[in-house]
Structures are given as C-alpha cells and as structure tokens.
>>> print(open('my_file-v3.pdb').read())   # PDB, C-alpha atoms, pLDDT in the B column
MODEL        1
ATOM      1  CA  SER A   6     -16.057 -10.231 -66.991  1.00 37.00           C
ATOM      2  CA  GLY A   7     -18.302 -11.606 -69.708  1.00 42.00           C
ATOM      3  CA  GLY A   8     -19.153  -8.632 -71.859  1.00 42.00           C
ATOM      4  CA  GLY A   9     -21.023  -9.151 -75.083  1.00 41.00           C
ATOM      5  CA  SER A  10     -22.052  -7.410 -78.240  1.00 38.00           C
ATOM      6  CA  THR A  11     -25.456  -5.870 -78.795  1.00 39.00           C
ATOM      7  CA  GLY A  12     -28.134  -5.573 -81.436  1.00 39.00           C
ATOM      8  CA  ALA A  13     -27.948  -7.816 -84.500  1.00 40.00           C
ATOM      9  CA  LEU A  14     -24.606  -9.200 -83.367  1.00 48.00           C
ATOM     10  CA  ASP A  15     -26.190 -10.470 -80.155  1.00 66.00           C
ATOM     11  CA  PRO A  16     -29.728 -11.500 -81.196  1.00 71.00           C
ATOM     12  CA  ASP A  17     -30.329 -13.761 -78.198  1.00 80.00           C
ATOM     13  CA  LEU A  18     -29.365 -11.217 -75.536  1.00 87.00           C
ATOM     14  CA  LYS A  19     -32.931 -10.781 -74.270  1.00 88.00           C
ATOM     15  CA  GLU A  20     -33.417 -14.537 -73.847  1.00 91.00           C
ATOM     16  CA  TYR A  21     -29.995 -14.753 -72.207  1.00 92.00           C
ATOM     17  CA  ALA A  22     -30.923 -11.998 -69.736  1.00 91.00           C
ATOM     18  CA  GLU A  23     -34.179 -13.792 -68.918  1.00 91.00           C
ATOM     19  CA  ALA A  24     -32.370 -17.114 -68.424  1.00 93.00           C
ATOM     20  CA  LEU A  25     -29.888 -15.401 -66.095  1.00 93.00           C
ATOM     21  CA  GLN A  26     -32.777 -14.017 -64.047  1.00 90.00           C
ATOM     22  CA  VAL A  27     -34.309 -17.499 -63.732  1.00 90.00           C
ATOM     23  CA  LEU A  28     -30.976 -18.900 -62.542  1.00 92.00           C
ATOM     24  CA  ASP A  29     -30.678 -16.043 -60.068  1.00 88.00           C
ATOM     25  CA  GLN A  30     -34.167 -16.503 -58.628  1.00 84.00           C
ATOM     26  CA  ASN A  31     -33.910 -20.314 -58.474  1.00 86.00           C
ATOM     27  CA  TRP A  32     -30.222 -20.860 -57.734  1.00 87.00           C
ATOM     28  CA  ASP A  33     -30.800 -23.385 -54.944  1.00 84.00           C
ATOM     29  CA  THR A  34     -33.135 -25.454 -57.133  1.00 87.00           C
ATOM     30  CA  PHE A  35     -30.594 -25.642 -59.959  1.00 91.00           C
ATOM     31  CA  ASP A  36     -27.724 -26.179 -57.501  1.00 88.00           C
ATOM     32  CA  THR A  37     -29.376 -29.217 -55.880  1.00 87.00           C
ATOM     33  CA  ALA A  38     -30.804 -30.674 -59.104  1.00 88.00           C
ATOM     34  CA  VAL A  39     -28.110 -33.371 -59.143  1.00 86.00           C
ATOM     35  CA  GLY A  40     -28.653 -34.200 -55.470  1.00 78.00           C
ATOM     36  CA  THR A  41     -25.912 -32.204 -53.778  1.00 76.00           C
ATOM     37  CA  ARG A  42     -25.486 -28.518 -52.915  1.00 78.00           C
ATOM     38  CA  ASP A  43     -22.019 -27.255 -53.825  1.00 82.00           C
ATOM     39  CA  GLY A  44     -22.621 -23.663 -54.944  1.00 83.00           C
ATOM     40  CA  LYS A  45     -21.735 -24.503 -58.548  1.00 89.00           C
ATOM     41  CA  LEU A  46     -23.632 -25.336 -61.717  1.00 94.00           C
ATOM     42  CA  THR A  47     -22.567 -27.546 -64.618  1.00 93.00           C
ATOM     43  CA  MET A  48     -24.404 -28.883 -67.631  1.00 94.00           C
ATOM     44  CA  ALA A  49     -25.317 -31.890 -65.459  1.00 94.00           C
ATOM     45  CA  ASN A  50     -27.422 -29.577 -63.265  1.00 94.00           C
ATOM     46  CA  LEU A  51     -29.230 -28.177 -66.303  1.00 95.00           C
ATOM     47  CA  GLU A  52     -29.856 -31.641 -67.745  1.00 94.00           C
ATOM     48  CA  ALA A  53     -31.225 -32.812 -64.384  1.00 93.00           C
ATOM     49  CA  VAL A  54     -33.731 -29.932 -64.418  1.00 93.00           C
ATOM     50  CA  LEU A  55     -34.747 -30.794 -67.987  1.00 93.00           C
ATOM     51  CA  ASP A  56     -35.241 -34.454 -67.010  1.00 91.00           C
ATOM     52  CA  SER A  57     -37.229 -33.675 -63.852  1.00 87.00           C
ATOM     53  CA  PRO A  58     -41.023 -34.030 -64.231  1.00 82.00           C
ATOM     54  CA  ALA A  59     -41.406 -31.744 -61.198  1.00 78.00           C
ATOM     55  CA  ALA A  60     -39.456 -28.813 -62.672  1.00 82.00           C
ATOM     56  CA  SER A  61     -41.589 -25.879 -63.813  1.00 84.00           C
ATOM     57  CA  PRO A  62     -41.723 -24.792 -67.480  1.00 87.00           C
ATOM     58  CA  THR A  63     -39.850 -21.616 -66.526  1.00 88.00           C
ATOM     59  CA  LEU A  64     -36.923 -23.591 -65.128  1.00 91.00           C
ATOM     60  CA  LYS A  65     -36.898 -25.957 -68.089  1.00 92.00           C
ATOM     61  CA  ARG A  66     -36.959 -23.044 -70.546  1.00 93.00           C
ATOM     62  CA  ALA A  67     -33.880 -21.474 -68.938  1.00 94.00           C
ATOM     63  CA  ALA A  68     -32.033 -24.808 -68.850  1.00 95.00           C
ATOM     64  CA  GLN A  69     -32.966 -25.452 -72.485  1.00 95.00           C
ATOM     65  CA  PHE A  70     -31.649 -22.040 -73.517  1.00 95.00           C
ATOM     66  CA  PHE A  71     -28.174 -22.807 -72.210  1.00 95.00           C
ATOM     67  CA  THR A  72     -28.104 -26.331 -73.664  1.00 94.00           C
ATOM     68  CA  ASP A  73     -29.178 -24.898 -77.039  1.00 94.00           C
ATOM     69  CA  HIS A  74     -26.719 -21.979 -76.804  1.00 93.00           C
ATOM     70  CA  PRO A  75     -23.448 -23.325 -75.361  1.00 92.00           C
ATOM     71  CA  GLU A  76     -21.693 -20.094 -76.337  1.00 92.00           C
ATOM     72  CA  TYR A  77     -23.766 -18.256 -73.734  1.00 93.00           C
ATOM     73  CA  TRP A  78     -23.015 -20.923 -71.142  1.00 94.00           C
ATOM     74  CA  HIS A  79     -19.288 -20.446 -71.759  1.00 92.00           C
ATOM     75  CA  ARG A  80     -19.758 -16.675 -71.539  1.00 93.00           C
ATOM     76  CA  LEU A  81     -21.462 -17.101 -68.142  1.00 94.00           C
ATOM     77  CA  GLU A  82     -18.925 -19.510 -66.675  1.00 92.00           C
ATOM     78  CA  MET A  83     -16.079 -17.134 -67.528  1.00 91.00           C
ATOM     79  CA  ALA A  84     -17.827 -13.974 -66.279  1.00 89.00           C
ATOM     80  CA  GLU A  85     -15.997 -13.680 -62.954  1.00 84.00           C
ATOM     81  CA  SER A  86     -13.274 -16.328 -62.913  1.00 74.00           C
ATOM     82  CA  GLY A  87     -12.220 -15.958 -66.543  1.00 72.00           C
ATOM     83  CA  GLY A  88     -11.633 -19.703 -66.723  1.00 72.00           C
ATOM     84  CA  ARG A  89     -13.459 -22.085 -69.031  1.00 78.00           C
ATOM     85  CA  ASP A  90     -13.994 -25.303 -67.092  1.00 82.00           C
ATOM     86  CA  GLY A  91     -17.721 -25.870 -67.551  1.00 85.00           C
ATOM     87  CA  VAL A  92     -18.473 -24.691 -64.007  1.00 91.00           C
ATOM     88  CA  THR A  93     -20.534 -21.614 -63.156  1.00 92.00           C
ATOM     89  CA  SER A  94     -20.470 -20.146 -59.649  1.00 90.00           C
ATOM     90  CA  TRP A  95     -22.928 -17.649 -58.198  1.00 86.00           C
ATOM     91  CA  GLN A  96     -20.086 -15.105 -58.385  1.00 88.00           C
ATOM     92  CA  ASP A  97     -20.031 -15.644 -62.170  1.00 89.00           C
ATOM     93  CA  LEU A  98     -23.799 -15.187 -62.243  1.00 91.00           C
ATOM     94  CA  ASP A  99     -23.753 -11.981 -60.182  1.00 89.00           C
ATOM     95  CA  SER A 100     -20.995 -10.544 -62.367  1.00 88.00           C
ATOM     96  CA  GLU A 101     -22.798 -11.407 -65.610  1.00 90.00           C
ATOM     97  CA  LEU A 102     -26.140 -10.094 -64.357  1.00 89.00           C
ATOM     98  CA  ALA A 103     -24.492  -6.746 -63.661  1.00 87.00           C
ATOM     99  CA  ALA A 104     -22.718  -6.713 -67.045  1.00 88.00           C
ATOM    100  CA  VAL A 105     -25.783  -7.675 -69.086  1.00 87.00           C
ATOM    101  CA  ALA A 106     -27.998  -5.155 -67.279  1.00 83.00           C
ATOM    102  CA  LYS A 107     -25.790  -2.381 -68.665  1.00 79.00           C
ATOM    103  CA  LEU A 108     -26.259  -3.534 -72.270  1.00 75.00           C
ATOM    104  CA  PRO A 109     -29.122  -2.260 -74.470  1.00 66.00           C
ATOM    105  CA  GLY A 110     -31.933  -4.804 -74.262  1.00 58.00           C
ATOM    106  CA  GLY A 111     -30.234  -6.721 -71.495  1.00 54.00           C
ATOM    107  CA  SER A 112     -31.913  -5.267 -68.445  1.00 53.00           C
ATOM    108  CA  SER A 113     -34.811  -6.939 -66.695  1.00 47.00           C
ATOM    109  CA  SER A 114     -37.082  -5.676 -63.964  1.00 42.00           C
ATOM    110  CA  SER A 115     -38.207  -9.109 -62.849  1.00 42.00           C
ATOM    111  CA  GLY A 116     -36.763 -11.046 -59.958  1.00 43.00           C
ATOM    112  CA  SER A 117     -35.528 -10.192 -56.512  1.00 42.00           C
ATOM    113  CA  GLY A 118     -32.316 -12.188 -56.402  1.00 43.00           C
ATOM    114  CA  ARG A 119     -31.402 -15.237 -54.362  1.00 46.00           C
ATOM    115  CA  SER A 120     -32.322 -15.288 -50.721  1.00 41.00           C
ATOM    116  CA  THR A 121     -29.328 -17.447 -49.811  1.00 43.00           C
ATOM    117  CA  GLY A 122     -25.798 -17.425 -51.184  1.00 45.00           C
ATOM    118  CA  GLY A 123     -26.388 -14.478 -53.495  1.00 52.00           C
ATOM    119  CA  SER A 124     -26.403 -10.737 -53.780  1.00 56.00           C
ATOM    120  CA  ARG A 125     -29.535 -10.109 -51.727  1.00 66.00           C
ATOM    121  CA  ALA A 126     -28.211 -12.107 -48.783  1.00 70.00           C
ATOM    122  CA  ARG A 127     -24.879 -10.294 -49.030  1.00 71.00           C
ATOM    123  CA  ASP A 128     -26.641  -6.918 -49.045  1.00 74.00           C
ATOM    124  CA  ILE A 129     -28.483  -7.882 -45.862  1.00 76.00           C
ATOM    125  CA  VAL A 130     -25.378  -9.147 -44.076  1.00 77.00           C
ATOM    126  CA  ASP A 131     -23.317  -6.101 -45.033  1.00 77.00           C
ATOM    127  CA  ASN A 132     -26.020  -3.540 -44.155  1.00 79.00           C
ATOM    128  CA  PRO A 133     -24.587  -1.430 -41.272  1.00 80.00           C
ATOM    129  CA  ASN A 134     -28.022  -0.011 -40.454  1.00 79.00           C
ATOM    130  CA  MET A 135     -29.526  -3.380 -39.537  1.00 77.00           C
ATOM    131  CA  SER A 136     -29.132  -5.118 -36.190  1.00 80.00           C
ATOM    132  CA  ILE A 137     -28.161  -8.777 -35.964  1.00 82.00           C
ATOM    133  CA  GLU A 138     -31.770  -9.585 -35.121  1.00 79.00           C
ATOM    134  CA  GLN A 139     -33.048  -7.730 -38.206  1.00 81.00           C
ATOM    135  CA  LYS A 140     -30.499  -9.430 -40.450  1.00 82.00           C
ATOM    136  CA  VAL A 141     -31.463 -12.907 -39.210  1.00 82.00           C
ATOM    137  CA  GLN A 142     -35.162 -12.204 -39.658  1.00 79.00           C
ATOM    138  CA  ALA A 143     -34.608 -10.722 -43.144  1.00 80.00           C
ATOM    139  CA  LEU A 144     -32.598 -13.764 -44.267  1.00 81.00           C
ATOM    140  CA  LEU A 145     -35.216 -16.167 -42.930  1.00 82.00           C
ATOM    141  CA  MET A 146     -37.983 -14.168 -44.601  1.00 82.00           C
ATOM    142  CA  GLY A 147     -36.101 -14.332 -47.908  1.00 79.00           C
ATOM    143  CA  ILE A 148     -35.919 -18.113 -47.674  1.00 81.00           C
ATOM    144  CA  THR A 149     -39.638 -18.239 -46.874  1.00 82.00           C
ATOM    145  CA  GLU A 150     -40.478 -16.048 -49.891  1.00 81.00           C
ATOM    146  CA  ASP A 151     -38.490 -18.371 -52.169  1.00 81.00           C
ATOM    147  CA  THR A 152     -40.332 -21.355 -50.699  1.00 83.00           C
ATOM    148  CA  ASP A 153     -43.681 -19.669 -51.332  1.00 86.00           C
ATOM    149  CA  ALA A 154     -42.726 -18.996 -54.961  1.00 84.00           C
ATOM    150  CA  GLU A 155     -41.708 -22.627 -55.414  1.00 86.00           C
ATOM    151  CA  LEU A 156     -45.004 -23.744 -53.858  1.00 88.00           C
ATOM    152  CA  VAL A 157     -46.911 -21.741 -56.455  1.00 87.00           C
ATOM    153  CA  ASP A 158     -44.841 -23.328 -59.241  1.00 86.00           C
ATOM    154  CA  VAL A 159     -45.606 -26.821 -57.925  1.00 87.00           C
ATOM    155  CA  MET A 160     -49.338 -26.108 -57.650  1.00 90.00           C
ATOM    156  CA  ASN A 161     -49.371 -24.752 -61.203  1.00 87.00           C
ATOM    157  CA  GLU A 162     -47.620 -27.899 -62.414  1.00 87.00           C
ATOM    158  CA  MET A 163     -50.153 -30.074 -60.579  1.00 89.00           C
ATOM    159  CA  ALA A 164     -53.065 -28.156 -62.108  1.00 89.00           C
ATOM    160  CA  SER A 165     -51.588 -28.510 -65.603  1.00 87.00           C
ATOM    161  CA  ALA A 166     -51.025 -32.240 -65.104  1.00 85.00           C
ATOM    162  CA  ARG A 167     -54.618 -32.747 -63.933  1.00 90.00           C
ATOM    163  CA  GLU A 168     -55.985 -30.788 -66.889  1.00 90.00           C
ATOM    164  CA  GLU A 169     -53.950 -32.819 -69.369  1.00 89.00           C
ATOM    165  CA  ARG A 170     -54.879 -36.085 -67.629  1.00 88.00           C
ATOM    166  CA  ALA A 171     -58.563 -35.268 -68.044  1.00 91.00           C
ATOM    167  CA  THR A 172     -58.195 -34.861 -71.829  1.00 91.00           C
ATOM    168  CA  LEU A 173     -56.526 -38.235 -72.453  1.00 89.00           C
ATOM    169  CA  GLY A 174     -58.379 -41.030 -74.229  1.00 90.00           C
ATOM    170  CA  SER A 175     -57.952 -44.794 -74.213  1.00 90.00           C
ATOM    171  CA  SER A 176     -55.322 -45.226 -76.929  1.00 92.00           C
ATOM    172  CA  ASN A 177     -51.996 -46.845 -76.084  1.00 92.00           C
ATOM    173  CA  SER A 178     -50.155 -43.550 -76.443  1.00 89.00           C
ATOM    174  CA  ASP A 179     -52.664 -41.806 -74.158  1.00 89.00           C
ATOM    175  CA  LYS A 180     -52.342 -44.598 -71.608  1.00 91.00           C
ATOM    176  CA  ALA A 181     -48.552 -44.261 -71.688  1.00 90.00           C
ATOM    177  CA  ARG A 182     -48.829 -40.496 -71.281  1.00 89.00           C
ATOM    178  CA  GLY A 183     -51.334 -40.971 -68.469  1.00 89.00           C
ATOM    179  CA  ALA A 184     -48.961 -43.291 -66.619  1.00 90.00           C
ATOM    180  CA  LYS A 185     -46.190 -40.712 -66.940  1.00 89.00           C
ATOM    181  CA  LEU A 186     -48.491 -37.968 -65.656  1.00 88.00           C
ATOM    182  CA  ASP A 187     -49.475 -40.144 -62.691  1.00 90.00           C
ATOM    183  CA  THR A 188     -45.802 -40.577 -61.808  1.00 90.00           C
ATOM    184  CA  SER A 189     -45.239 -36.836 -62.158  1.00 87.00           C
ATOM    185  CA  MET A 190     -48.206 -36.129 -59.879  1.00 90.00           C
ATOM    186  CA  GLN A 191     -46.794 -38.424 -57.211  1.00 91.00           C
ATOM    187  CA  GLU A 192     -43.468 -36.598 -57.377  1.00 90.00           C
ATOM    188  CA  LEU A 193     -45.203 -33.216 -57.289  1.00 89.00           C
ATOM    189  CA  GLU A 194     -47.328 -34.236 -54.301  1.00 92.00           C
ATOM    190  CA  LEU A 195     -44.196 -35.317 -52.423  1.00 92.00           C
ATOM    191  CA  ARG A 196     -42.456 -32.079 -53.356  1.00 89.00           C
ATOM    192  CA  LEU A 197     -45.507 -30.083 -52.233  1.00 91.00           C
ATOM    193  CA  GLN A 198     -45.525 -31.868 -48.876  1.00 92.00           C
ATOM    194  CA  THR A 199     -41.800 -31.211 -48.417  1.00 90.00           C
ATOM    195  CA  LEU A 200     -42.213 -27.518 -49.244  1.00 89.00           C
ATOM    196  CA  MET A 201     -45.154 -27.162 -46.848  1.00 92.00           C
ATOM    197  CA  GLU A 202     -43.082 -28.742 -44.087  1.00 92.00           C
ATOM    198  CA  LYS A 203     -40.189 -26.424 -44.905  1.00 88.00           C
ATOM    199  CA  ARG A 204     -42.516 -23.412 -44.870  1.00 88.00           C
ATOM    200  CA  LYS A 205     -43.910 -24.370 -41.455  1.00 90.00           C
ATOM    201  CA  ALA A 206     -40.413 -24.974 -40.101  1.00 89.00           C
ATOM    202  CA  MET A 207     -39.296 -21.525 -41.294  1.00 85.00           C
ATOM    203  CA  PHE A 208     -42.251 -19.782 -39.642  1.00 85.00           C
ATOM    204  CA  ASP A 209     -41.682 -21.727 -36.428  1.00 87.00           C
ATOM    205  CA  LEU A 210     -38.014 -20.777 -36.514  1.00 87.00           C
ATOM    206  CA  MET A 211     -38.804 -17.096 -37.116  1.00 82.00           C
ATOM    207  CA  SER A 212     -41.316 -17.118 -34.289  1.00 84.00           C
ATOM    208  CA  ASN A 213     -38.857 -18.776 -31.895  1.00 84.00           C
ATOM    209  CA  MET A 214     -36.063 -16.405 -32.907  1.00 81.00           C
ATOM    210  CA  SER A 215     -38.316 -13.386 -32.378  1.00 80.00           C
ATOM    211  CA  SER A 216     -39.273 -14.657 -28.930  1.00 82.00           C
ATOM    212  CA  LYS A 217     -35.640 -15.266 -27.999  1.00 83.00           C
ATOM    213  CA  PHE A 218     -34.572 -11.817 -29.212  1.00 78.00           C
ATOM    214  CA  ASN A 219     -37.332 -10.226 -27.128  1.00 79.00           C
ATOM    215  CA  GLU A 220     -36.239 -12.162 -24.051  1.00 84.00           C
ATOM    216  CA  MET A 221     -32.627 -11.055 -24.587  1.00 82.00           C
ATOM    217  CA  ALA A 222     -33.703  -7.417 -24.960  1.00 77.00           C
ATOM    218  CA  LYS A 223     -35.761  -7.565 -21.746  1.00 82.00           C
ATOM    219  CA  THR A 224     -32.841  -9.143 -19.883  1.00 85.00           C
ATOM    220  CA  ALA A 225     -30.449  -6.460 -21.138  1.00 79.00           C
ATOM    221  CA  ILE A 226     -32.827  -3.671 -20.070  1.00 83.00           C
ATOM    222  CA  SER A 227     -33.308  -5.295 -16.679  1.00 81.00           C
ATOM    223  CA  ASN A 228     -29.557  -5.557 -16.203  1.00 81.00           C
ATOM    224  CA  LEU A 229     -29.102  -1.886 -17.095  1.00 80.00           C
ATOM    225  CA  ARG A 230     -31.724  -0.847 -14.553  1.00 78.00           C
ATOM    226  CA  SER A 231     -30.107  -2.870 -11.779  1.00 75.00           C
ATOM    227  CA  ALA A 232     -26.594  -1.716 -12.629  1.00 63.00           C
TER     228      ALA A 232
ENDMDL
END
>>> encode(input="my_file-v3.pdb", output="structure tokens")
Amino acid sequence: SGGGSTGALDPDLKEYAEALQVLDQNWDTFDTAVGTRDGKLTMANLEAVLDSPAASPTLKRAAQFFTDHPEYWHRLEMAESGGRDGVTSWQDLDSELAAVAKLPGGSSSSGSGRSTGGSRARDIVDNPNMSIEQKVQALLMGITEDTDAELVDVMNEMASAREERATLGSSNSDKARGAKLDTSMQELELRLQTLMEKRKAMFDLMSNMSSKFNEMAKTAISNLRSA
C-alpha cells in the first residue's frame, strides 16, 4: 500500500488528498477521457482531461496536480498492486484513499465515492440488509446523482464561457480567443444534451424497474394466496 510521510516531509499531502477525491468522484469521466472505458487510468487519461475544453476546472486541477507531481502518481499506481507500470486501477485508488485518510492532514469530508465500479457500489452490492430491488434502485440512483453533478459542472462551464466571451474586444488575440470559446460552447452544448438524455433514460429505467418489481411482488402474493 502507498503510505507516505507527513508534515514538512510531505508538504503536498493536502493537495494529493483533494486530487484523490476528485478522481474518486469522477472516475468514469477520467476513465473515458481517451475514448474507451477500461477501468484504468494512465497519464494519457490525465492529458486528455487537460486538453478537453469541456472538462471542469476541478477536473483539470486534479489532472494538473499529478502531471506536476509524478512522484504522487507513482505512489498512487503502486498503492494496491505494488507494481510501477504507469497504470492506476480503482483498486489502487480505493487503497490509497483509505491510507491517506489515516494520515494527519490527509482526510477529506468531501465526496461520496463512485457510483459505479467503486467502493460505494460495492457497499451496496454486499449489503445483506438490502433486497435485490433496493440494490438495483440504489445503484441507478447513484448513477443519476453523478450525472446531475456533471450537469452542474457543464452549466458552470457554459456560464463562464459566456461571461468571458462578453468581455472580449476586437483585437486579433480576442478574436482568436472568441473562436476557441465558440468551439468550447458547441462541445459543452453537445455534452449537456447527452447528459440530459442520459438523465431522462435513467429516470425512465428506474420507473420501469419499479413498476416491474411491483408487478412481481403482486404476482408472488397472488400465488401464495392461491397455493
């Protein structure tokens, strides 16, 4: 596990802990930044987030931290597996989150974990006090909450882009910046539309699942009565 020193010997621990939390809360976004979902992160994923006009400042700040502090990236990638191959899995992240939380200055109260593929999903699946129906609904709700959070990020990015666009003048540099902002807005609008469609699909799915579970329960009760 990736243990570290504290205090003056580990001056960037707080920033590291915050970057870990951002990775944890936005795992799927980082995972798919290079176009494919494989459950692993490399520097290519971080660079893709940094290069994306649609990525929020919070995501970029976390990616920048690891590119500026490769020693922390190596510490993370070796947290669970112990191997240094440039690849971080969510198991490495979970292990390092737990280890850093125990260090002075390393704990953080923010964040609720990943809704899919991470510790929160595992807690739901392994909970013996929840029925299958409750587990399915809880997992779907977690995905919906993550989508809502990403929607807010996109809307904040769009608002910032509009505000900056309104302050630009007519110089060549301002025109170039304006063209870049226009491209970013188009990407953000497409991302917003995709997220809204995903959100609607999740609510439709939850509604359909709830209806099906109710029908199954009624059928089971009816069968018991006629037995």
>>> atom_distance(input="my_file-v3.pdb", atom1="atom CA of A:Ser215", atom2="atom CA of A:Ile148")
16.2 Å
>>> closest_residue(input="my_file-v3.pdb", among="A:Ala67, A:Leu195, A:Leu98, A:Met211", to="A:Gln139", atoms="all atoms listed in the file")
A:Met211
>>> resolve_selection(input="my_file-v3.pdb", expression="the PyMOL selection byres ((chain A and resi 73-76) around 12)", output="ChimeraX atom specification")
/A:7,9,15-18,20-21,24,47-48,51-52,65-72,77-83,89,91
>>> closest_residue(input="my_file-v3.pdb", among="A:Gly147, A:Ala84, A:Gln198, A:Met190", to="A:Ala104", atoms="only C-alpha atoms")
A:Ala84
>>> resolve_selection(input="my_file-v3.pdb", expression="the PyMOL selection byres ((chain A and resi 34) around 12)", output="MDAnalysis selection string")
chainID A and resid 27:33 35:46 50:51 53:54 57 59:61 64:65 68 119 121 151:152 154:155
>>> resolve_selection(input="my_file-v3.pdb", expression="the PyMOL selection byres ((chain A and resi 96) around 9)", output="NGL selection string")
:A and (84-86 or 93-95 or 97-101 or 123-124)
>>> atom_distance(input="my_file-v3.pdb", atom1="atom CA of A:Leu55", atom2="atom CA of A:Glu23")
17.0 Å
